[in-house]
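One structure is given here, and the rest of the page talks about it.
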Amino acid sequence: LESGGEVLDEALVWIETEQRVELHLHASPPVVARVLAAVSPQPSTRDARPTPLEQRAWELLPHASSEAGARILLDQVDGALRRALEALCATGDEQAAAASLATLLEAGRVARFALVPTRVALVGPVNAGKSTLFNALVGAQRAIVSPEPGATRDVLSERAELGGWPVQVLDTAGERRAPVETASGELEERGQQLARELSADADWIVRLWASDGALPASAAPRDPREVWVASRADLGAGAGRSACDAALSAARDPRDAAAQLTRLFVREHALPAQPWSAGAAAPFDAPSRSALELARARLAAGERDWREPLREALRR
């Protein structure tokens with residue numbers, strides 16, 4: 001790939017159609033940015049020099065975590081958010097403005113799930129099927145699967161997608177009382193401690209219970225971030241299976257297991273079925289979200305200058 005006689009990178013180029021071409025580059029951010037600038041259209045068809053709002057979206061584009069996130073950013077590069085903010089500043093109907101602010105803030109909440117991978121921790125007892133589900137979600141045999149308890153002692157982390165939503169999946173050590181008097185047991189205990197620490201920082205926790213083993217009582221408390229899944233559903237159904245949010249068999253039908261977890265993810269986070277809606281405005285970073293939140297708070301308080309945060313967002 002050359003630009004102005006300068007070699008930018010040696011890359012793999014896949015031409016699928018006349019409209020879709022993939023460039024597989026080296027991972028250097030300056031190289032990616034330079035190639036994008038060379039092969040892409042101008043950020044805005046109305047102005048060859050992007051304004052700061054559009055420029056921020058443009059600079060985030062090479063780091064998008066998913067195709068949906070990239071499409072959301074491209075819409076903002078093309079001025080979708082600017083047009084929405086300008087319309088808000090021009091309106092004299094405060095009731096309609098309040099509704100528009102709420103819609104934009106909700107769009108920003110949804111966009112974050114497409115732009116920032118959700119940390120998903122797979123937890124549960126030993127031999128609950130966590131590693132099998134992990135492999136099904138990432139689409140590769142990344143985790144060792146064994147009927148021997150305690151096979152997973154470290155935390156495996158891999159990027160995946162649930163219905164187009166980017167996630168970082170964590171496969172954790174199984175929960176049990178390890179024989180700490182042995183070196184192997186001490187190592188397993190360290191893995192369990194690491195699993196507890198990472199689960200505490202996870203955005204979403206998927207707790208697995210083996211369908212053919214002991215299942216939770218329906219009255220047992222659970223973490224608000226947690227869903228319960230009955231695994232190995234093809235091997236039997238215990239009395240407590242009704243307490244779970246889903247039942248799946250990742251070993252027998254990995255595609256269905258991923259689909260079921262996707263449905264749970266979308267439901268639990270109140271997300272639309274599709275991460276991207278063409279041309280929709282969305283606050284895509286902290287400054288744009290903060291401006292909308294401040295404008296809504298001022299409008300709710302009856303302040304006359306409620307539009308000022310929006311005007312400031314348009315200027316910077």
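Every chain in the structure tokens takes a letter, A first, then B, and so on in the order presented; its residues are numbered from 1, and the ligands are numbered from 1 following the presented order.
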Could you pull out all residues of segment 4-165 of chain A with a DSSP call of helix (DSSP H, G or I) and give them as a PyMOL selection string?
chain A and resi 29-39+52-63+67-77+80-90+94-115+130-138
Grab the residues selected above and save them as a compact mmCIF listing (two decimals), in the first residue's frame with C-alpha atoms.
# COMPACT_ATOMS: atom_id res chain seq x y z
CA PRO A 29 -2.24 2.56 15.22
CA PRO A 30 -0.29 5.19 13.19
CA VAL A 31 -0.19 2.84 10.20
CA VAL A 32 -3.92 2.10 10.48
CA ALA A 33 -4.73 5.81 10.80
CA ARG A 34 -2.55 6.71 7.81
CA VAL A 35 -4.06 3.99 5.62
CA LEU A 36 -7.61 4.98 6.62
CA ALA A 37 -6.85 8.58 5.72
CA ALA A 38 -5.48 7.49 2.35
CA VAL A 39 -8.26 5.11 1.27
CA PRO A 52 -14.16 18.82 16.54
CA LEU A 53 -17.34 16.81 17.25
CA GLU A 54 -16.99 14.82 14.04
CA GLN A 55 -13.22 14.66 14.44
CA ARG A 56 -13.55 12.90 17.80
CA ALA A 57 -15.75 10.24 16.20
CA TRP A 58 -13.28 9.93 13.31
CA GLU A 59 -10.36 9.39 15.68
CA LEU A 60 -12.23 6.66 17.54
CA LEU A 61 -13.07 4.79 14.35
CA PRO A 62 -9.84 2.71 14.04
CA HIS A 63 -10.42 1.47 17.59
CA GLU A 67 -18.71 -3.54 12.97
CA ALA A 68 -21.81 -2.02 14.59
CA GLY A 69 -19.62 0.32 16.64
CA ALA A 70 -17.77 1.42 13.50
CA ARG A 71 -21.05 2.10 11.70
CA ILE A 72 -22.33 4.15 14.65
CA LEU A 73 -19.17 6.23 14.61
CA LEU A 74 -19.35 6.73 10.85
CA ASP A 75 -22.89 8.11 11.21
CA GLN A 76 -21.60 10.65 13.74
CA VAL A 77 -18.66 11.49 11.46
CA ALA A 80 -25.89 12.71 12.67
CA LEU A 81 -25.29 13.89 16.23
CA ARG A 82 -24.54 17.46 15.15
CA ARG A 83 -27.85 17.68 13.29
CA ALA A 84 -29.72 16.35 16.34
CA LEU A 85 -28.05 18.86 18.67
CA GLU A 86 -28.71 21.73 16.27
CA ALA A 87 -32.39 20.76 16.10
CA LEU A 88 -32.57 20.73 19.91
CA CYS A 89 -30.99 24.17 20.15
CA ALA A 90 -33.49 25.53 17.63
CA GLU A 94 -39.59 22.20 25.76
CA GLN A 95 -41.76 19.11 26.09
CA ALA A 96 -40.54 17.81 22.73
CA ALA A 97 -36.99 18.79 23.72
CA ALA A 98 -37.24 16.71 26.89
CA ALA A 99 -38.38 13.71 24.85
CA SER A 100 -35.56 14.19 22.33
CA LEU A 101 -32.97 14.46 25.10
CA ALA A 102 -34.23 11.21 26.62
CA THR A 103 -34.11 9.50 23.24
CA LEU A 104 -30.54 10.67 22.59
CA LEU A 105 -29.34 9.61 26.03
CA GLU A 106 -30.86 6.17 25.53
CA ALA A 107 -29.15 5.98 22.13
CA GLY A 108 -25.89 6.81 23.89
CA ARG A 109 -26.45 4.07 26.48
CA VAL A 110 -27.07 1.52 23.73
CA ALA A 111 -24.12 2.76 21.65
CA ARG A 112 -21.73 2.12 24.53
CA PHE A 113 -22.52 -1.60 24.32
CA ALA A 114 -21.49 -1.54 20.65
CA LEU A 115 -18.41 0.61 21.26
CA LYS A 130 -18.02 -23.20 31.59
CA SER A 131 -15.08 -24.04 29.31
CA THR A 132 -17.36 -25.77 26.79
CA LEU A 133 -19.57 -22.68 26.63
CA PHE A 134 -16.48 -20.44 26.43
CA ASN A 135 -15.26 -22.36 23.36
CA ALA A 136 -18.72 -22.16 21.79
CA LEU A 137 -18.83 -18.38 22.22
CA VAL A 138 -15.34 -17.66 20.87
For Glu158 of chain A: contacts at 9 Å, only C-alpha atoms, fewer than 2 positions along chain excluded, given as a ChimeraX atom specification:
/A:134,138,142,156,160,167-171
Just write the chosen residues, N, CA and C atoms, as a PDB file, in the first residue's frame.
ATOM      1  N   PHE A 134     -17.497 -21.421  26.842  1.00  0.00           N
ATOM      2  CA  PHE A 134     -16.477 -20.441  26.427  1.00  0.00           C
ATOM      3  C   PHE A 134     -16.019 -20.730  24.997  1.00  0.00           C
ATOM      4  N   VAL A 138     -16.464 -18.239  21.607  1.00  0.00           N
ATOM      5  CA  VAL A 138     -15.338 -17.665  20.865  1.00  0.00           C
ATOM      6  C   VAL A 138     -15.114 -18.371  19.532  1.00  0.00           C
ATOM      7  N   ARG A 142     -10.315 -22.906  22.639  1.00  0.00           N
ATOM      8  CA  ARG A 142      -9.333 -22.125  23.407  1.00  0.00           C
ATOM      9  C   ARG A 142      -9.143 -22.693  24.810  1.00  0.00           C
ATOM     10  N   LEU A 156      -9.130 -17.536  31.404  1.00  0.00           N
ATOM     11  CA  LEU A 156      -8.957 -17.305  29.980  1.00  0.00           C
ATOM     12  C   LEU A 156      -9.842 -16.144  29.558  1.00  0.00           C
ATOM     13  N   ALA A 160     -15.298 -11.814  21.728  1.00  0.00           N
ATOM     14  CA  ALA A 160     -16.334 -12.498  20.968  1.00  0.00           C
ATOM     15  C   ALA A 160     -17.460 -11.505  20.715  1.00  0.00           C
ATOM     16  N   VAL A 167     -18.154  -8.483  23.179  1.00  0.00           N
ATOM     17  CA  VAL A 167     -17.990  -8.887  24.574  1.00  0.00           C
ATOM     18  C   VAL A 167     -16.580  -9.418  24.787  1.00  0.00           C
ATOM     19  N   GLN A 168     -16.112  -9.325  26.019  1.00  0.00           N
ATOM     20  CA  GLN A 168     -14.859  -9.951  26.444  1.00  0.00           C
ATOM     21  C   GLN A 168     -15.250 -11.074  27.392  1.00  0.00           C
ATOM     22  N   VAL A 169     -15.098 -12.317  26.944  1.00  0.00           N
ATOM     23  CA  VAL A 169     -15.569 -13.471  27.716  1.00  0.00           C
ATOM     24  C   VAL A 169     -14.441 -13.985  28.600  1.00  0.00           C
ATOM     25  N   LEU A 170     -14.761 -14.219  29.882  1.00  0.00           N
ATOM     26  CA  LEU A 170     -13.792 -14.725  30.848  1.00  0.00           C
ATOM     27  C   LEU A 170     -14.222 -16.123  31.301  1.00  0.00           C
ATOM     28  N   ASP A 171     -13.359 -17.102  31.092  1.00  0.00           N
ATOM     29  CA  ASP A 171     -13.602 -18.463  31.574  1.00  0.00           C
ATOM     30  C   ASP A 171     -12.843 -18.620  32.881  1.00  0.00           C
TER      31      ASP A 171
END
At a cut-off of 7 Å, using only C-alpha atoms, what residues contact Asp245 of chain A? Leave out same-chain residues fewer than 3 positions from it and give the result as a short mmCIF file (atom, residue, chain, number, x, y, z; two decimals) with N, CA and C atoms, in the first residue's frame.
data_model
loop_
_atom_site.label_atom_id
_atom_site.label_comp_id
_atom_site.auth_asym_id
_atom_site.auth_seq_id
_atom_site.Cartn_x
_atom_site.Cartn_y
_atom_site.Cartn_z
N VAL A 227 -27.06 -13.92 35.65
CA VAL A 227 -28.11 -14.79 35.14
C VAL A 227 -27.70 -16.22 35.43
N TRP A 228 -28.69 -17.09 35.57
CA TRP A 228 -28.42 -18.50 35.84
C TRP A 228 -28.75 -19.32 34.60
N VAL A 229 -27.83 -20.20 34.24
CA VAL A 229 -27.99 -21.02 33.05
C VAL A 229 -27.77 -22.48 33.42
#
Please identify all polymer residues within 9 Å of Leu264 of chain A, counting only C-alpha atoms, omitting same-chain residues fewer than 3 positions from it, and present them as a PyMOL selection string.
chain A and resi 227+245-246+259-261+267-269
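Atom CA of Leu1 of chain A is found 11.2 Å from atom CA of His24 of chain A.
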Min atom-atom distance to Thr262 of chain A from the set A:Ala313, A:Val155, A:Val120, A:Leu23, counting only C-alpha atoms, belongs to A:Val120
Could you pull out the residues in segment 14-130 of chain A that DSSP calls strand (DSSP E) from the backbone, as a PyMOL selection string?
chain A and resi 14-15+21-24+118-123
Restricting the output to all heavy atoms, write the selected residues as a short mmCIF file (atom, residue, chain, number, x, y, z; two decimals), in the first residue's frame.
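Once everything was written out, this is selection.cif:
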data_model
loop_
_atom_site.label_atom_id
_atom_site.label_comp_id
_atom_site.auth_asym_id
_atom_site.auth_seq_id
_atom_site.Cartn_x
_atom_site.Cartn_y
_atom_site.Cartn_z
N TRP A 14 -8.39 -8.45 0.63
CA TRP A 14 -9.45 -9.38 0.21
C TRP A 14 -10.54 -8.57 -0.47
O TRP A 14 -11.17 -7.72 0.13
CB TRP A 14 -10.01 -10.13 1.42
CG TRP A 14 -11.30 -10.84 1.14
CD1 TRP A 14 -12.54 -10.51 1.56
CD2 TRP A 14 -11.46 -12.04 0.35
NE1 TRP A 14 -13.47 -11.39 1.09
CE2 TRP A 14 -12.83 -12.35 0.34
CE3 TRP A 14 -10.58 -12.84 -0.36
CZ2 TRP A 14 -13.35 -13.45 -0.34
CZ3 TRP A 14 -11.09 -13.94 -1.03
CH2 TRP A 14 -12.44 -14.25 -1.02
N ILE A 15 -10.74 -8.81 -1.78
CA ILE A 15 -11.78 -8.12 -2.54
C ILE A 15 -12.97 -9.06 -2.65
O ILE A 15 -12.97 -10.00 -3.44
CB ILE A 15 -11.26 -7.71 -3.94
CG1 ILE A 15 -10.01 -6.85 -3.81
CG2 ILE A 15 -12.34 -6.97 -4.71
CD1 ILE A 15 -9.35 -6.53 -5.13
N VAL A 21 -14.19 -4.27 0.34
CA VAL A 21 -12.78 -4.65 0.28
C VAL A 21 -12.22 -4.65 1.70
O VAL A 21 -12.43 -3.70 2.45
CB VAL A 21 -11.98 -3.67 -0.60
CG1 VAL A 21 -10.51 -4.05 -0.62
CG2 VAL A 21 -12.53 -3.65 -2.02
N GLU A 22 -11.53 -5.71 2.07
CA GLU A 22 -10.94 -5.80 3.40
C GLU A 22 -9.43 -5.64 3.30
O GLU A 22 -8.78 -6.26 2.46
CB GLU A 22 -11.26 -7.14 4.06
CG GLU A 22 -12.73 -7.35 4.36
CD GLU A 22 -12.98 -8.68 5.05
OE1 GLU A 22 -11.99 -9.40 5.34
OE2 GLU A 22 -14.16 -9.00 5.30
N LEU A 23 -8.86 -4.79 4.17
CA LEU A 23 -7.41 -4.64 4.29
C LEU A 23 -6.99 -5.21 5.63
O LEU A 23 -7.45 -4.76 6.67
CB LEU A 23 -7.02 -3.16 4.20
CG LEU A 23 -7.41 -2.40 2.93
CD1 LEU A 23 -6.95 -0.95 3.03
CD2 LEU A 23 -6.83 -3.06 1.71
N HIS A 24 -6.14 -6.20 5.61
CA HIS A 24 -5.63 -6.81 6.84
C HIS A 24 -4.23 -6.25 7.09
O HIS A 24 -3.23 -6.70 6.50
CB HIS A 24 -5.63 -8.33 6.72
CG HIS A 24 -7.00 -8.91 6.57
ND1 HIS A 24 -7.66 -9.53 7.60
CD2 HIS A 24 -7.85 -8.91 5.52
CE1 HIS A 24 -8.85 -9.91 7.19
NE2 HIS A 24 -9.00 -9.55 5.93
N THR A 118 -18.46 -5.60 26.57
CA THR A 118 -18.97 -5.94 27.89
C THR A 118 -18.15 -7.11 28.44
O THR A 118 -17.96 -8.12 27.76
CB THR A 118 -20.45 -6.33 27.81
OG1 THR A 118 -21.19 -5.24 27.25
CG2 THR A 118 -21.00 -6.67 29.19
N ARG A 119 -17.69 -6.98 29.68
CA ARG A 119 -16.92 -8.06 30.31
C ARG A 119 -17.90 -9.10 30.87
O ARG A 119 -18.67 -8.80 31.79
CB ARG A 119 -16.03 -7.50 31.43
CG ARG A 119 -14.85 -6.70 30.89
CD ARG A 119 -14.15 -5.93 32.00
NE ARG A 119 -13.70 -6.78 33.08
CZ ARG A 119 -12.55 -7.45 33.08
NH1 ARG A 119 -11.74 -7.36 32.06
NH2 ARG A 119 -12.20 -8.20 34.10
N VAL A 120 -17.86 -10.29 30.30
CA VAL A 120 -18.79 -11.37 30.65
C VAL A 120 -18.00 -12.48 31.34
O VAL A 120 -17.11 -13.08 30.74
CB VAL A 120 -19.51 -11.92 29.42
CG1 VAL A 120 -20.44 -13.07 29.81
CG2 VAL A 120 -20.28 -10.82 28.70
N ALA A 121 -18.32 -12.74 32.61
CA ALA A 121 -17.63 -13.78 33.37
C ALA A 121 -18.49 -15.04 33.43
O ALA A 121 -19.66 -14.98 33.82
CB ALA A 121 -17.32 -13.29 34.79
N LEU A 122 -17.91 -16.16 33.04
CA LEU A 122 -18.57 -17.46 33.17
C LEU A 122 -18.12 -18.07 34.49
O LEU A 122 -16.93 -18.34 34.67
CB LEU A 122 -18.20 -18.38 32.00
CG LEU A 122 -18.42 -17.82 30.59
CD1 LEU A 122 -18.03 -18.87 29.55
CD2 LEU A 122 -19.86 -17.39 30.39
N VAL A 123 -19.04 -18.26 35.42
CA VAL A 123 -18.69 -18.77 36.74
C VAL A 123 -19.59 -19.95 37.07
O VAL A 123 -20.59 -20.21 36.41
CB VAL A 123 -18.84 -17.67 37.82
CG1 VAL A 123 -18.01 -16.44 37.48
CG2 VAL A 123 -20.31 -17.26 37.99
#
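Summary of the local environment: counting only C-alpha atoms, residues at most 10 Å from Asp234 of chain A, other than itself and those fewer than 4 positions away along its chain, are Ser211, Asp212, Ala247, Leu248, Ser249, Ala250, Ala251, Arg252 and Asp253 of chain A.
We find atom CA of Thr172 of chain A and atom CA of Gly124 of chain A to be spaced 8.3 Å apart.
Interatomic distance, atom CA of Pro254 of chain A to atom CA of Gly129 of chain A: 11.7 Å.
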